[in-house]
Amino acid sequence: MWKFIVRRLIITMPQIVLLSLFVFIMASFMPGDALTGQIGPDVDQDRLQELREQMGLNNPWYIQYRDWILGVFQGDFGTSFRYNMPASEIIQQRMINTIWLSLVSLIFIYALGIPMGLISGRYNDKLIDQVITSYTYLGFATPIFIFGLIALWVGGFQLGWFPTGGSVAPGLEPGSLEYILSKIHHLLLPGLAIALIGLVGTVQYLRSEIIDTKQKDFIITARAKGAPEQRVYNRHIFRNSVLPIAAFFGYEITSLISGTVFIEQIFSYPGMGNLFLESINIRDYTVVTALVLLFGLAAIIGALLSDIILSIVDPRIRIK
Amino acid sequence: MEDKKTAADVEQSVDPKKVEKSPSGFKTIWKEIMKDKLAFISLIFLVLTTLSVFIISFVLDQEQIVMVDPFSLYESPSSEWWLGTDYGGRDVFGQLIIGTRNSLAIGILVTLLSGFVGIVFGVVSGYFGGQVDNVMMRIVDFFMVLPNLMVIIVFVSIVPTYSVWTFSLVMASFLWMGIARLIRSRALQEKELDYAQASRTLGTSHAKIIFTQVLPNVTSLIVVTMTLNLAANIGIESGLSFLGFGFPESTPSLGTLLSYARNPQTLEFRWWIWVPPAVLILLLMLAVRNVGEALKRAADARQRRA
């Protein structure tokens, strides 16, 4: 197992290097540089050149790349063009919100998806399974932003059960019980919206896995010994089918990220996805670059974690 | 001795005239679609929508529809404006027609572009195999792990000349990996088959084998994948337009209309602006998928229902 993990880690390194190169090249296409926003219009050209020299903007690209990467390792993503403060500080505030949102979505995905998949697989071709299968069929084709709009319209405006924007009600003291409750209240609807679309893959996988496992020899043996039906499902089938699901969250990160971009926009939730769109619109490219790098890293590390967990759960994968 | 004789007998008894010709590809597809009512309805819906949208948009004057009219802001649906007007006093119904046309057109264009890249990449990677395949697949892996939605948004916002073509090119350059993987795994199997090996032994060039022999044999997979991709691409395009990184408002797509719902007032009180495009996007994506699934079954004899 350690051999597999080490090998998987070694593959990850060039991926991260390639990602950083890609982001660096992308950043160099963007208009403006580290001096944009720092200087007034009346600075003379000589002084500008001097400043550029000082900041290393005239260096060859590989030196600039090295400086940039060294900065990133120390958490220095450069200075925001617009707010004239470190990009990392702007991102930090938003990052916590997005992590909460993703966490709530993941909890909903598993809390709803696993029972749905189990029921659908256990009673396959019965009415309840047909209902769930029709739902996954529709959910698979529904783009997240349409579903988000409908969720906001129904849950936020028509029923009025949930707040329609923001991450916390104004005027509450941070740390107080009301503050935390309000935060949770603001998280529920966007989290549900992401989860109800995101759980489709889990349900479909679990359903086919259970239908497969049902016909295996060891299940027939279990039944032949006289194990009660409930026990057959809980102890034998469920255990075999559900473990890989536990590892999928890492692969889900990529779709979670694009989900949060849409959902945060629709619910005006102050997270990283919302910040990304804002920064693009006001051409704050330092922040944009940092965000793309962070999201890319999250996807790479997510896939790495999933592979490692899968290799622990399912030894067959390691043989490759 | 005995065996040989029977084999020869069998061969003789097969009269070429009596052998029933296996049904052509189109016949199989047609049968499969007729058998699956949902796919049949979807196909009719798609054909009708496409035809009507393209014909009506010939009659409609796009310039006039996207022109701001300050005297008729946010009108409710009436006989003059079938689906009311938006915040610029523009007719929603007209925008819906033009938007559907634009969404379909861009969806098809992106599918073709990304399909072309993916197919060439996949078939070359799979055909040569070995080290070439290894390197090419790592490239695919790298592109898969990128946060594609955001990268597309960044490139869309920094391309110097923004047009339908650059937009489609940007989208296609980050959406070709799925089809490349599928085609590659089929090409890996295909090149081991006797016909490809024989052709190679006879001295046919690699290029000729790839494009005139292997590629025609994976056509069914290509058609199925591209159809399913079309559904996805319509969704991605409208998503980008929804966020404001697709077409400008002067060339509306379904996503542009939907993006008016980002205004809470519109979302809450003016359903006629955002519900029709939302329903249309859903129906289009579902219909294309249904047809795609029917094609998939037609392409694989084991799954056929007909």
# chains A, B, ... in the order shown; residues from 1 in each chain; ligands from 1
$ interface_residues --of "chain A" --to "chain B" --cutoff "8 Å" --atoms "only C-alpha atoms" --output "JSON, numbers by chain"
{"A": [15, 18, 19, 29, 30, 31, 138, 141, 142, 143, 145, 146, 149, 153, 157, 158, 254, 257, 258, 262, 265, 266, 280, 292, 295, 296, 299, 300]}
$ write_last_selection --atoms "N, CA and C atoms" --output "PDB file, in the first residue's frame"
ATOM      1  N   GLN A  15       2.232  17.312 -11.819  1.00  0.00           N
ATOM      2  CA  GLN A  15       0.917  17.924 -12.056  1.00  0.00           C
ATOM      3  C   GLN A  15       0.866  19.317 -11.457  1.00  0.00           C
ATOM      4  N   LEU A  18       3.079  21.674 -13.474  1.00  0.00           N
ATOM      5  CA  LEU A  18       2.428  22.039 -14.731  1.00  0.00           C
ATOM      6  C   LEU A  18       1.311  23.054 -14.486  1.00  0.00           C
ATOM      7  N   LEU A  19       0.540  22.801 -13.432  1.00  0.00           N
ATOM      8  CA  LEU A  19      -0.549  23.721 -13.105  1.00  0.00           C
ATOM      9  C   LEU A  19      -0.005  25.118 -12.857  1.00  0.00           C
ATOM     10  N   PHE A  29      -0.692  36.672 -19.871  1.00  0.00           N
ATOM     11  CA  PHE A  29      -1.568  37.183 -20.928  1.00  0.00           C
ATOM     12  C   PHE A  29      -2.467  38.307 -20.416  1.00  0.00           C
ATOM     13  N   MET A  30      -2.623  38.356 -19.090  1.00  0.00           N
ATOM     14  CA  MET A  30      -3.558  39.332 -18.555  1.00  0.00           C
ATOM     15  C   MET A  30      -2.957  40.728 -18.598  1.00  0.00           C
ATOM     16  N   PRO A  31      -3.788  41.714 -18.897  1.00  0.00           N
ATOM     17  CA  PRO A  31      -3.270  43.073 -18.928  1.00  0.00           C
ATOM     18  C   PRO A  31      -2.895  43.553 -17.521  1.00  0.00           C
ATOM     19  N   LEU A 138     -33.618  13.240 -14.452  1.00  0.00           N
ATOM     20  CA  LEU A 138     -33.836  14.684 -14.595  1.00  0.00           C
ATOM     21  C   LEU A 138     -32.652  15.473 -14.032  1.00  0.00           C
ATOM     22  N   ALA A 141     -29.571  15.898 -16.123  1.00  0.00           N
ATOM     23  CA  ALA A 141     -29.622  16.811 -17.265  1.00  0.00           C
ATOM     24  C   ALA A 141     -29.808  18.258 -16.837  1.00  0.00           C
ATOM     25  N   THR A 142     -30.147  18.498 -15.558  1.00  0.00           N
ATOM     26  CA  THR A 142     -30.429  19.867 -15.140  1.00  0.00           C
ATOM     27  C   THR A 142     -29.144  20.606 -14.808  1.00  0.00           C
ATOM     28  N   PRO A 143     -28.881  21.729 -15.492  1.00  0.00           N
ATOM     29  CA  PRO A 143     -27.703  22.506 -15.126  1.00  0.00           C
ATOM     30  C   PRO A 143     -27.887  23.104 -13.738  1.00  0.00           C
ATOM     31  N   PHE A 145     -27.197  25.909 -12.456  1.00  0.00           N
ATOM     32  CA  PHE A 145     -27.670  27.287 -12.271  1.00  0.00           C
ATOM     33  C   PHE A 145     -29.184  27.382 -12.429  1.00  0.00           C
ATOM     34  N   ILE A 146     -29.765  26.530 -13.267  1.00  0.00           N
ATOM     35  CA  ILE A 146     -31.220  26.529 -13.376  1.00  0.00           C
ATOM     36  C   ILE A 146     -31.828  26.004 -12.083  1.00  0.00           C
ATOM     37  N   LEU A 149     -31.608  28.626  -9.370  1.00  0.00           N
ATOM     38  CA  LEU A 149     -32.622  29.676  -9.508  1.00  0.00           C
ATOM     39  C   LEU A 149     -33.967  29.191  -8.996  1.00  0.00           C
ATOM     40  N   TRP A 153     -36.049  30.625  -5.898  1.00  0.00           N
ATOM     41  CA  TRP A 153     -37.385  31.136  -6.154  1.00  0.00           C
ATOM     42  C   TRP A 153     -38.399  30.471  -5.229  1.00  0.00           C
ATOM     43  N   PHE A 157     -38.176  32.847  -2.050  1.00  0.00           N
ATOM     44  CA  PHE A 157     -39.176  33.876  -2.297  1.00  0.00           C
ATOM     45  C   PHE A 157     -40.597  33.383  -2.073  1.00  0.00           C
ATOM     46  N   GLN A 158     -40.960  32.240  -2.663  1.00  0.00           N
ATOM     47  CA  GLN A 158     -42.357  31.798  -2.558  1.00  0.00           C
ATOM     48  C   GLN A 158     -42.683  31.318  -1.152  1.00  0.00           C
ATOM     49  N   THR A 254     -13.913  18.981  -8.143  1.00  0.00           N
ATOM     50  CA  THR A 254     -13.969  19.773  -9.368  1.00  0.00           C
ATOM     51  C   THR A 254     -15.391  20.234  -9.660  1.00  0.00           C
ATOM     52  N   ILE A 257     -16.557  22.796  -7.175  1.00  0.00           N
ATOM     53  CA  ILE A 257     -16.024  24.134  -7.419  1.00  0.00           C
ATOM     54  C   ILE A 257     -16.881  24.868  -8.435  1.00  0.00           C
ATOM     55  N   SER A 258     -17.172  24.213  -9.584  1.00  0.00           N
ATOM     56  CA  SER A 258     -17.981  24.936 -10.566  1.00  0.00           C
ATOM     57  C   SER A 258     -19.393  25.134 -10.028  1.00  0.00           C
ATOM     58  N   PHE A 262     -21.531  29.043  -9.529  1.00  0.00           N
ATOM     59  CA  PHE A 262     -22.903  29.408  -9.908  1.00  0.00           C
ATOM     60  C   PHE A 262     -23.751  29.713  -8.686  1.00  0.00           C
ATOM     61  N   GLN A 265     -23.039  32.890  -6.867  1.00  0.00           N
ATOM     62  CA  GLN A 265     -23.518  34.028  -7.650  1.00  0.00           C
ATOM     63  C   GLN A 265     -25.022  34.210  -7.474  1.00  0.00           C
ATOM     64  N   ILE A 266     -25.766  33.096  -7.557  1.00  0.00           N
ATOM     65  CA  ILE A 266     -27.223  33.175  -7.476  1.00  0.00           C
ATOM     66  C   ILE A 266     -27.669  33.611  -6.082  1.00  0.00           C
ATOM     67  N   ILE A 280     -12.873  39.268 -11.790  1.00  0.00           N
ATOM     68  CA  ILE A 280     -12.792  39.309 -13.247  1.00  0.00           C
ATOM     69  C   ILE A 280     -13.472  40.571 -13.752  1.00  0.00           C
ATOM     70  N   VAL A 292      -7.474  30.913  -9.389  1.00  0.00           N
ATOM     71  CA  VAL A 292      -7.374  29.780 -10.325  1.00  0.00           C
ATOM     72  C   VAL A 292      -6.351  28.775  -9.808  1.00  0.00           C
ATOM     73  N   PHE A 295      -7.911  26.863  -6.824  1.00  0.00           N
ATOM     74  CA  PHE A 295      -8.923  25.895  -7.233  1.00  0.00           C
ATOM     75  C   PHE A 295      -8.276  24.705  -7.925  1.00  0.00           C
ATOM     76  N   GLY A 296      -7.264  24.979  -8.755  1.00  0.00           N
ATOM     77  CA  GLY A 296      -6.550  23.881  -9.413  1.00  0.00           C
ATOM     78  C   GLY A 296      -5.888  22.971  -8.402  1.00  0.00           C
ATOM     79  N   ALA A 299      -8.344  20.727  -6.716  1.00  0.00           N
ATOM     80  CA  ALA A 299      -8.758  19.591  -7.537  1.00  0.00           C
ATOM     81  C   ALA A 299      -7.686  18.504  -7.539  1.00  0.00           C
ATOM     82  N   ILE A 300      -6.407  18.918  -7.671  1.00  0.00           N
ATOM     83  CA  ILE A 300      -5.318  17.935  -7.709  1.00  0.00           C
ATOM     84  C   ILE A 300      -5.239  17.190  -6.382  1.00  0.00           C
TER      85      ILE A 300
END
$ select_by_dssp --residues "range 24-254 of chain A" --states "alpha helix (DSSP H)" --output "ChimeraX atom specification"
/A:24-29,45-55,61-73,87-122,127-141,144-151,177-214,217-224,229-231,238-247,249-254
$ atom_distance --atom1 "CA of Ile220 in chain A" --atom2 "CA of Ala247 in chain A"
27.7 Å
$ residues_around --residues "Val223 in chain B" --least-positions-apart "2" --cutoff "10 Å" --atoms "only C-alpha atoms" --output "list in words"
Gly115, Val218, Thr219, Ser220, Leu221, Thr225, Met226, Thr227, Leu228, Asn229, Gly292, Leu295, Lys296 and Ala299 of chain B
$ write_last_selection --atoms "N, CA and C atoms" --output "PDB file, in the first residue's frame"
ATOM      1  N   GLY B 115     -14.915  18.124 -30.697  1.00  0.00           N
ATOM      2  CA  GLY B 115     -14.924  16.761 -31.204  1.00  0.00           C
ATOM      3  C   GLY B 115     -13.753  16.510 -32.134  1.00  0.00           C
ATOM      4  N   VAL B 218     -14.812   3.495 -35.820  1.00  0.00           N
ATOM      5  CA  VAL B 218     -15.256   4.010 -34.525  1.00  0.00           C
ATOM      6  C   VAL B 218     -16.329   5.084 -34.711  1.00  0.00           C
ATOM      7  N   THR B 219     -16.866   5.184 -35.945  1.00  0.00           N
ATOM      8  CA  THR B 219     -17.855   6.234 -36.225  1.00  0.00           C
ATOM      9  C   THR B 219     -19.014   6.213 -35.244  1.00  0.00           C
ATOM     10  N   SER B 220     -19.510   5.016 -34.948  1.00  0.00           N
ATOM     11  CA  SER B 220     -20.700   4.962 -34.102  1.00  0.00           C
ATOM     12  C   SER B 220     -20.407   5.580 -32.745  1.00  0.00           C
ATOM     13  N   LEU B 221     -19.236   5.273 -32.203  1.00  0.00           N
ATOM     14  CA  LEU B 221     -18.854   5.846 -30.911  1.00  0.00           C
ATOM     15  C   LEU B 221     -18.772   7.365 -31.005  1.00  0.00           C
ATOM     16  N   THR B 225     -21.043   9.906 -28.822  1.00  0.00           N
ATOM     17  CA  THR B 225     -20.393  10.809 -27.868  1.00  0.00           C
ATOM     18  C   THR B 225     -20.670  12.265 -28.212  1.00  0.00           C
ATOM     19  N   MET B 226     -20.622  12.590 -29.513  1.00  0.00           N
ATOM     20  CA  MET B 226     -20.826  13.988 -29.894  1.00  0.00           C
ATOM     21  C   MET B 226     -22.251  14.415 -29.594  1.00  0.00           C
ATOM     22  N   THR B 227     -23.218  13.509 -29.773  1.00  0.00           N
ATOM     23  CA  THR B 227     -24.596  13.874 -29.462  1.00  0.00           C
ATOM     24  C   THR B 227     -24.736  14.176 -27.974  1.00  0.00           C
ATOM     25  N   LEU B 228     -24.162  13.287 -27.143  1.00  0.00           N
ATOM     26  CA  LEU B 228     -24.255  13.524 -25.703  1.00  0.00           C
ATOM     27  C   LEU B 228     -23.498  14.787 -25.319  1.00  0.00           C
ATOM     28  N   ASN B 229     -22.355  15.040 -25.992  1.00  0.00           N
ATOM     29  CA  ASN B 229     -21.601  16.261 -25.710  1.00  0.00           C
ATOM     30  C   ASN B 229     -22.400  17.502 -26.064  1.00  0.00           C
ATOM     31  N   GLY B 292     -29.461  10.824 -27.978  1.00  0.00           N
ATOM     32  CA  GLY B 292     -28.111  10.273 -27.833  1.00  0.00           C
ATOM     33  C   GLY B 292     -28.129   8.877 -27.225  1.00  0.00           C
ATOM     34  N   LEU B 295     -29.235   6.423 -29.787  1.00  0.00           N
ATOM     35  CA  LEU B 295     -28.134   6.154 -30.710  1.00  0.00           C
ATOM     36  C   LEU B 295     -27.144   5.190 -30.072  1.00  0.00           C
ATOM     37  N   LYS B 296     -26.910   5.403 -28.780  1.00  0.00           N
ATOM     38  CA  LYS B 296     -25.952   4.561 -28.067  1.00  0.00           C
ATOM     39  C   LYS B 296     -26.391   3.102 -28.105  1.00  0.00           C
ATOM     40  N   ALA B 299     -25.968   1.615 -31.487  1.00  0.00           N
ATOM     41  CA  ALA B 299     -24.578   1.354 -31.842  1.00  0.00           C
ATOM     42  C   ALA B 299     -24.061   0.066 -31.206  1.00  0.00           C
TER      43      ALA B 299
END
$ residues_around --residues "Ser199 in chain B" --least-positions-apart "5" --cutoff "12 Å" --atoms "only C-alpha atoms" --output "list in words"
Lys191, Glu192, Leu193, Asp194, Thr204, Ser205, His206, Ala207, Lys208, Ile209, Ile210, Thr212, Gln213 and Val214 of chain B
$ residues_around --residues "Tyr251 in chain A" --least-positions-apart "3" --cutoff "7 Å" --atoms "only C-alpha atoms" --output "PyMOL selection string"
chain A and resi 248+254+302-303+306
$ atom_distance --atom1 "CA of Ala298 in chain B" --atom2 "CA of Ile29 in chain B"
5.3 Å
$ atom_distance --atom1 "CA of Val47 in chain B" --atom2 "CA of Thr251 in chain B"
22.8 Å
$ closest_residue --among "B:Gly246, B:Gly94, B:Pro276, B:Pro252" --to "Thr166 in chain B" --atoms "only C-alpha atoms"
B:Gly246
$ residues_around --residues "Leu305 in chain A" --least-positions-apart "3" --cutoff "12 Å" --atoms "only C-alpha atoms" --output "list of chain:residue names"
A:Ile5, A:Arg8, A:Leu9, A:Thr12, A:Ala246, A:Ala247, A:Phe248, A:Phe249, A:Gly250, A:Tyr251, A:Glu252, A:Ile253, A:Ala298, A:Ala299, A:Ile300, A:Ile301, A:Gly302, A:Ile308, A:Ile309, A:Leu310, A:Ser311, A:Ile312
$ closest_atom_pairs --of "range 71-169 of chain A" --to "range 227-237 of chain A" --cutoff "12 Å" --atoms "only C-alpha atoms" --output "CSV"
residue,atom,partner,partner_atom,distance
A:Pro115,CA,A:Asn234,CA,11.8
A:Leu118,CA,A:Tyr233,CA,9.0
A:Ile119,CA,A:Tyr233,CA,10.4
A:Gly121,CA,A:Ile237,CA,10.3
A:Arg122,CA,A:Tyr233,CA,8.1
A:Tyr123,CA,A:Tyr233,CA,11.4
$ residues_around --residues "Ile184 in chain A" --least-positions-apart "6" --cutoff "12 Å" --atoms "only C-alpha atoms" --output "PyMOL selection string"
chain A and resi 97+100-101+103-104+162-163+166-169+177-178+190-192
